[in-house]
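In what follows, a single structure is set out as structure tokens and then discussed.
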Amino acid sequence: MRFREHLSACRSSALELLRNIDDSLMPERCAFCGTRTLRAEPSVCGGCREDLPWLDNPRQDAPAPLTALVAIFAYEFPVDAALKAFKFRRKLYYAPAFGSMLGDAMGFLPDDVDALLPVPLHWRRLTVRGFNQALEISKPVARRYGLPIVNGVVRCRATRSQSGLTAAERNRNLHGAFAVRRTMSAKHVLIVDDVVTTGATTRHVARALQKSGVEKVSVLAVARAI
């Protein structure tokens with residue numbers, strides 16, 4: 001009996017050692033299917049990238065006062081399920097995956113963007129969730145392009161969820177929800193968000209920024225919900 005226990009323990013140790021060696025050689029896993037990925041394609045494997053609901057034209061019509069609006073995916077499976085798991089079930093491994101793909105889409109935007117602004121959460125929601133998903137997907141973009149992430153905009157009013165509201169209701173719901181609390185030196189701020197539906201949130205943030213002296217505001221989002 002002791003021999004079998006010893007043999008089982010040796011096998012477990014050997015498997016753990018192999019897993020550690022494997023992790024050191026190929027540490028990345030695809031955020032969608034969990035398979036190993038190469039360093040050249042971190043976070044999302046080639047097969048999953050092909051199956052994602054890419055938009056044919058990431059550059060969307062930008063309603064005033066926005067300069068440009070870019071979204072890379074339709075809000076469909078598996079992107080919608082991944083974003084929900086990311087936000088509501090703390091599956092933070094989706095952050096580098098979406099952040100990397102957002103970085104690839106920067107070429108669809110004007111080249112004078114000089115700062116990133118993750119859509120701010122109200123402090124109560126931030127406390128409950130524990131993180132701001134827009135900030136997490138902004139970090140890889142900021143590192144890749146050497147852009148600062150500005151944090152001088154606050155969500156000063158706790159609004160009800162935008163889900164299920166009409167366009168008019170979304171607009172009213174966000175009235176006076178954002179304020180700029182610091183001087184902005186950036187001239188063209190890029191708002192980063194996970195999902196854009198009517199664009200009401202980003203337009204209200206953009207208006208607050210422009211009142212503070214920012215000249216241009218654009219939007220970069222993971223998905224567009226129609």
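Labeling convention for the structure tokens: chains A, B, ... as they appear, residues from 1 per chain, ligands from 1 in order of appearance.
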
Name the residues in contact with segment 203-205 of chain A at a cut-off of 12 Å, using only C-alpha atoms, excluding same-chain residues fewer than 3 positions from it; report them as a PyMOL selection string. chain A and resi 62-69+117-121+152-156+170-180+189-193+196-200+208-212+214+216-219

Could you save those same residues with C-alpha atoms as a short mmCIF file (atom, residue, chain, number, x, y, z; two decimals), in the first residue's frame?
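The resulting file, result.cif, is reproduced below:
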data_model
loop_
_atom_site.label_atom_id
_atom_site.label_comp_id
_atom_site.auth_asym_id
_atom_site.auth_seq_id
_atom_site.Cartn_x
_atom_site.Cartn_y
_atom_site.Cartn_z
CA ALA A 62 -19.03 58.69 -35.65
CA PRO A 63 -21.89 60.80 -34.29
CA ALA A 64 -21.08 64.31 -33.10
CA PRO A 65 -19.08 65.31 -31.16
CA LEU A 66 -16.85 62.30 -31.88
CA THR A 67 -14.06 62.48 -34.44
CA ALA A 68 -13.84 58.73 -35.07
CA LEU A 69 -15.44 55.53 -33.79
CA LEU A 117 -9.37 57.38 -21.39
CA PRO A 118 -11.08 54.19 -20.17
CA VAL A 119 -14.79 54.90 -19.62
CA PRO A 120 -14.95 55.54 -15.86
CA LEU A 121 -17.14 53.55 -13.49
CA GLY A 152 -9.20 62.95 -14.59
CA VAL A 153 -12.76 62.12 -15.64
CA VAL A 154 -15.15 60.75 -13.02
CA ARG A 155 -18.59 59.25 -13.13
CA CYS A 156 -20.09 61.55 -10.55
CA ARG A 170 -29.98 56.04 -22.40
CA ASN A 171 -29.33 59.68 -23.20
CA ARG A 172 -31.48 60.95 -20.31
CA ASN A 173 -29.97 58.40 -17.96
CA LEU A 174 -26.47 59.80 -18.55
CA HIS A 175 -27.29 63.49 -18.30
CA GLY A 176 -24.73 65.10 -15.99
CA ALA A 177 -23.14 61.74 -15.18
CA PHE A 178 -19.53 62.67 -16.07
CA ALA A 179 -17.25 65.48 -14.95
CA VAL A 180 -13.64 66.41 -15.63
CA VAL A 189 -8.31 61.74 -26.33
CA LEU A 190 -9.25 58.18 -27.26
CA ILE A 191 -12.10 56.78 -25.15
CA VAL A 192 -11.76 53.01 -24.66
CA ASP A 193 -14.78 50.85 -23.84
CA VAL A 196 -20.76 50.51 -27.80
CA THR A 197 -24.50 50.37 -28.49
CA THR A 198 -26.07 53.76 -29.21
CA GLY A 199 -22.87 55.59 -28.27
CA ALA A 200 -24.66 57.66 -25.60
CA ALA A 208 -17.35 66.70 -20.80
CA LEU A 209 -13.85 66.45 -22.26
CA GLN A 210 -14.46 69.14 -24.85
CA LYS A 211 -15.86 71.50 -22.23
CA SER A 212 -12.53 71.09 -20.42
CA VAL A 214 -9.85 68.83 -25.31
CA LYS A 216 -10.87 66.04 -30.41
CA VAL A 217 -12.33 62.84 -28.95
CA SER A 218 -12.50 59.41 -30.60
CA VAL A 219 -13.67 55.98 -29.44
#

Just the alpha helix (DSSP H) stuff from segment 64-165 of chain A, please, per backbone DSSP, written as an MDAnalysis selection string. chainID A and resid 79:88 94:104 123:129 133:145

Once you have the residues from the selection above, write them out as a compact mmCIF listing (two decimals), in the first residue's frame, restricted to N, CA and C atoms.
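Contents of result-v2.txt, as written:
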# COMPACT_ATOMS: atom_id res chain seq x y z
N VAL A 79 -17.83 36.60 -28.54
CA VAL A 79 -17.34 37.85 -27.94
C VAL A 79 -18.27 38.34 -26.84
N ASP A 80 -19.60 38.26 -27.07
CA ASP A 80 -20.53 38.73 -26.04
C ASP A 80 -20.39 37.92 -24.76
N ALA A 81 -20.28 36.59 -24.90
CA ALA A 81 -20.13 35.74 -23.71
C ALA A 81 -18.81 36.01 -23.00
N ALA A 82 -17.75 36.24 -23.78
CA ALA A 82 -16.44 36.52 -23.18
C ALA A 82 -16.44 37.84 -22.41
N LEU A 83 -17.06 38.86 -22.97
CA LEU A 83 -17.10 40.16 -22.30
C LEU A 83 -17.92 40.08 -21.01
N LYS A 84 -19.01 39.32 -21.02
CA LYS A 84 -19.81 39.15 -19.80
C LYS A 84 -19.02 38.40 -18.74
N ALA A 85 -18.31 37.36 -19.16
CA ALA A 85 -17.49 36.61 -18.21
C ALA A 85 -16.38 37.48 -17.65
N PHE A 86 -15.81 38.30 -18.49
CA PHE A 86 -14.75 39.23 -18.08
C PHE A 86 -15.26 40.21 -17.03
N LYS A 87 -16.40 40.84 -17.30
CA LYS A 87 -16.92 41.88 -16.41
C LYS A 87 -17.55 41.33 -15.14
N PHE A 88 -18.38 40.31 -15.30
CA PHE A 88 -19.23 39.90 -14.19
C PHE A 88 -18.74 38.66 -13.45
N TYR A 94 -9.19 37.63 -20.17
CA TYR A 94 -9.67 38.20 -21.43
C TYR A 94 -9.09 39.60 -21.68
N ALA A 95 -8.62 40.26 -20.63
CA ALA A 95 -8.11 41.63 -20.79
C ALA A 95 -6.94 41.71 -21.77
N PRO A 96 -5.87 40.90 -21.60
CA PRO A 96 -4.78 40.99 -22.57
C PRO A 96 -5.19 40.55 -23.97
N ALA A 97 -6.15 39.62 -24.06
CA ALA A 97 -6.61 39.17 -25.37
C ALA A 97 -7.30 40.30 -26.12
N PHE A 98 -8.29 40.91 -25.47
CA PHE A 98 -9.00 42.01 -26.13
C PHE A 98 -8.09 43.23 -26.29
N GLY A 99 -7.24 43.48 -25.31
CA GLY A 99 -6.33 44.62 -25.40
C GLY A 99 -5.37 44.49 -26.57
N SER A 100 -4.87 43.28 -26.81
CA SER A 100 -3.97 43.05 -27.93
C SER A 100 -4.66 43.30 -29.26
N MET A 101 -5.90 42.83 -29.38
CA MET A 101 -6.63 43.00 -30.64
C MET A 101 -7.07 44.45 -30.84
N LEU A 102 -7.34 45.15 -29.75
CA LEU A 102 -7.62 46.58 -29.86
C LEU A 102 -6.39 47.33 -30.37
N GLY A 103 -5.23 46.91 -29.88
CA GLY A 103 -4.00 47.55 -30.34
C GLY A 103 -3.81 47.40 -31.84
N ASP A 104 -4.21 46.23 -32.38
CA ASP A 104 -4.11 46.02 -33.82
C ASP A 104 -5.01 46.96 -34.61
N TRP A 123 -17.90 55.02 -8.41
CA TRP A 123 -17.10 54.38 -7.37
C TRP A 123 -17.82 53.22 -6.71
N ARG A 124 -19.16 53.27 -6.64
CA ARG A 124 -19.89 52.15 -6.03
C ARG A 124 -19.77 50.89 -6.88
N ARG A 125 -19.96 51.05 -8.20
CA ARG A 125 -19.85 49.89 -9.08
C ARG A 125 -18.42 49.37 -9.11
N LEU A 126 -17.46 50.29 -9.08
CA LEU A 126 -16.05 49.88 -9.07
C LEU A 126 -15.74 49.08 -7.81
N THR A 127 -16.30 49.51 -6.67
CA THR A 127 -16.07 48.81 -5.41
C THR A 127 -16.64 47.40 -5.46
N VAL A 128 -17.83 47.25 -6.02
CA VAL A 128 -18.47 45.94 -6.10
C VAL A 128 -17.74 45.03 -7.09
N ARG A 129 -17.41 45.57 -8.26
CA ARG A 129 -16.78 44.75 -9.30
C ARG A 129 -15.32 44.49 -8.99
N GLN A 133 -13.24 47.28 -16.30
CA GLN A 133 -12.89 46.48 -17.47
C GLN A 133 -12.30 47.33 -18.59
N ALA A 134 -12.77 48.57 -18.72
CA ALA A 134 -12.23 49.45 -19.76
C ALA A 134 -10.76 49.79 -19.48
N LEU A 135 -10.43 49.97 -18.22
CA LEU A 135 -9.03 50.24 -17.87
C LEU A 135 -8.15 49.04 -18.18
N GLU A 136 -8.63 47.84 -17.86
CA GLU A 136 -7.82 46.64 -18.08
C GLU A 136 -7.52 46.41 -19.55
N ILE A 137 -8.48 46.68 -20.44
CA ILE A 137 -8.21 46.48 -21.87
C ILE A 137 -7.42 47.65 -22.47
N SER A 138 -7.38 48.77 -21.74
CA SER A 138 -6.59 49.92 -22.20
C SER A 138 -5.10 49.72 -21.96
N LYS A 139 -4.75 48.99 -20.92
CA LYS A 139 -3.34 48.87 -20.52
C LYS A 139 -2.45 48.31 -21.63
N PRO A 140 -2.84 47.21 -22.31
CA PRO A 140 -1.96 46.71 -23.38
C PRO A 140 -1.80 47.71 -24.52
N VAL A 141 -2.86 48.46 -24.82
CA VAL A 141 -2.78 49.47 -25.88
C VAL A 141 -1.82 50.59 -25.48
N ALA A 142 -1.94 51.03 -24.23
CA ALA A 142 -1.07 52.09 -23.73
C ALA A 142 0.39 51.68 -23.77
N ARG A 143 0.69 50.45 -23.35
CA ARG A 143 2.08 49.97 -23.36
C ARG A 143 2.61 49.86 -24.79
N ARG A 144 1.81 49.36 -25.67
CA ARG A 144 2.24 49.13 -27.05
C ARG A 144 2.57 50.43 -27.77
N TYR A 145 1.78 51.47 -27.53
CA TYR A 145 1.94 52.73 -28.27
C TYR A 145 2.55 53.85 -27.44

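Using only C-alpha atoms, the smallest distance between any of A:Gly213, A:Pro53, A:Pro148, A:Gly47 and Ala115 of chain A comes from A:Pro148.
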
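Note that atom CA of Arg59 of chain A and atom CA of Asp114 of chain A are 18.8 Å apart.
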
Using only C-alpha atoms, the residue out of A:Thr202, A:Gln60, A:Ser43, A:Thr37 with shortest distance to Ile226 of chain A is A:Gln60

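Interatomic distance, atom CA of Arg181 of chain A against atom CA of Val113 of chain A: 20.8 Å.
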
Enter the distance from atom CA of Ala71 of chain A to atom CA of Val222 of chain A, in Å, rounded to one decimal. 5.5 Å

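Within 7 Å of Leu55 of chain A, once only C-alpha atoms are used and residues closer than 5 positions along the same chain are dropped, the contacting residues are Ile72, Phe73 and Ala74 of chain A.
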
In segment 22-150 of chain A, what's strand (DSSP E or B) per DSSP? Answer as a ChimeraX atom specification? /A:29,36,54,59-60,69-74,115-118,149

Write a file of the selected residues as a short mmCIF file (atom, residue, chain, number, x, y, z; two decimals), in the first residue's frame, keeping C-alpha atoms.
data_model
loop_
_atom_site.label_atom_id
_atom_site.label_comp_id
_atom_site.auth_asym_id
_atom_site.auth_seq_id
_atom_site.Cartn_x
_atom_site.Cartn_y
_atom_site.Cartn_z
CA ARG A 29 -3.03 30.01 -23.47
CA ARG A 36 -1.39 26.68 -25.92
CA TRP A 54 -14.96 40.55 -36.96
CA ARG A 59 -14.39 52.36 -38.71
CA GLN A 60 -18.00 53.20 -37.84
CA LEU A 69 -15.44 55.53 -33.79
CA VAL A 70 -13.77 52.13 -34.21
CA ALA A 71 -15.17 48.77 -33.06
CA ILE A 72 -13.57 45.51 -34.09
CA PHE A 73 -16.31 42.92 -33.41
CA ALA A 74 -20.04 42.52 -33.65
CA ALA A 115 -4.00 59.88 -24.61
CA LEU A 116 -6.33 57.03 -23.65
CA LEU A 117 -9.37 57.38 -21.39
CA PRO A 118 -11.08 54.19 -20.17
CA ILE A 149 -3.91 56.74 -19.58
#
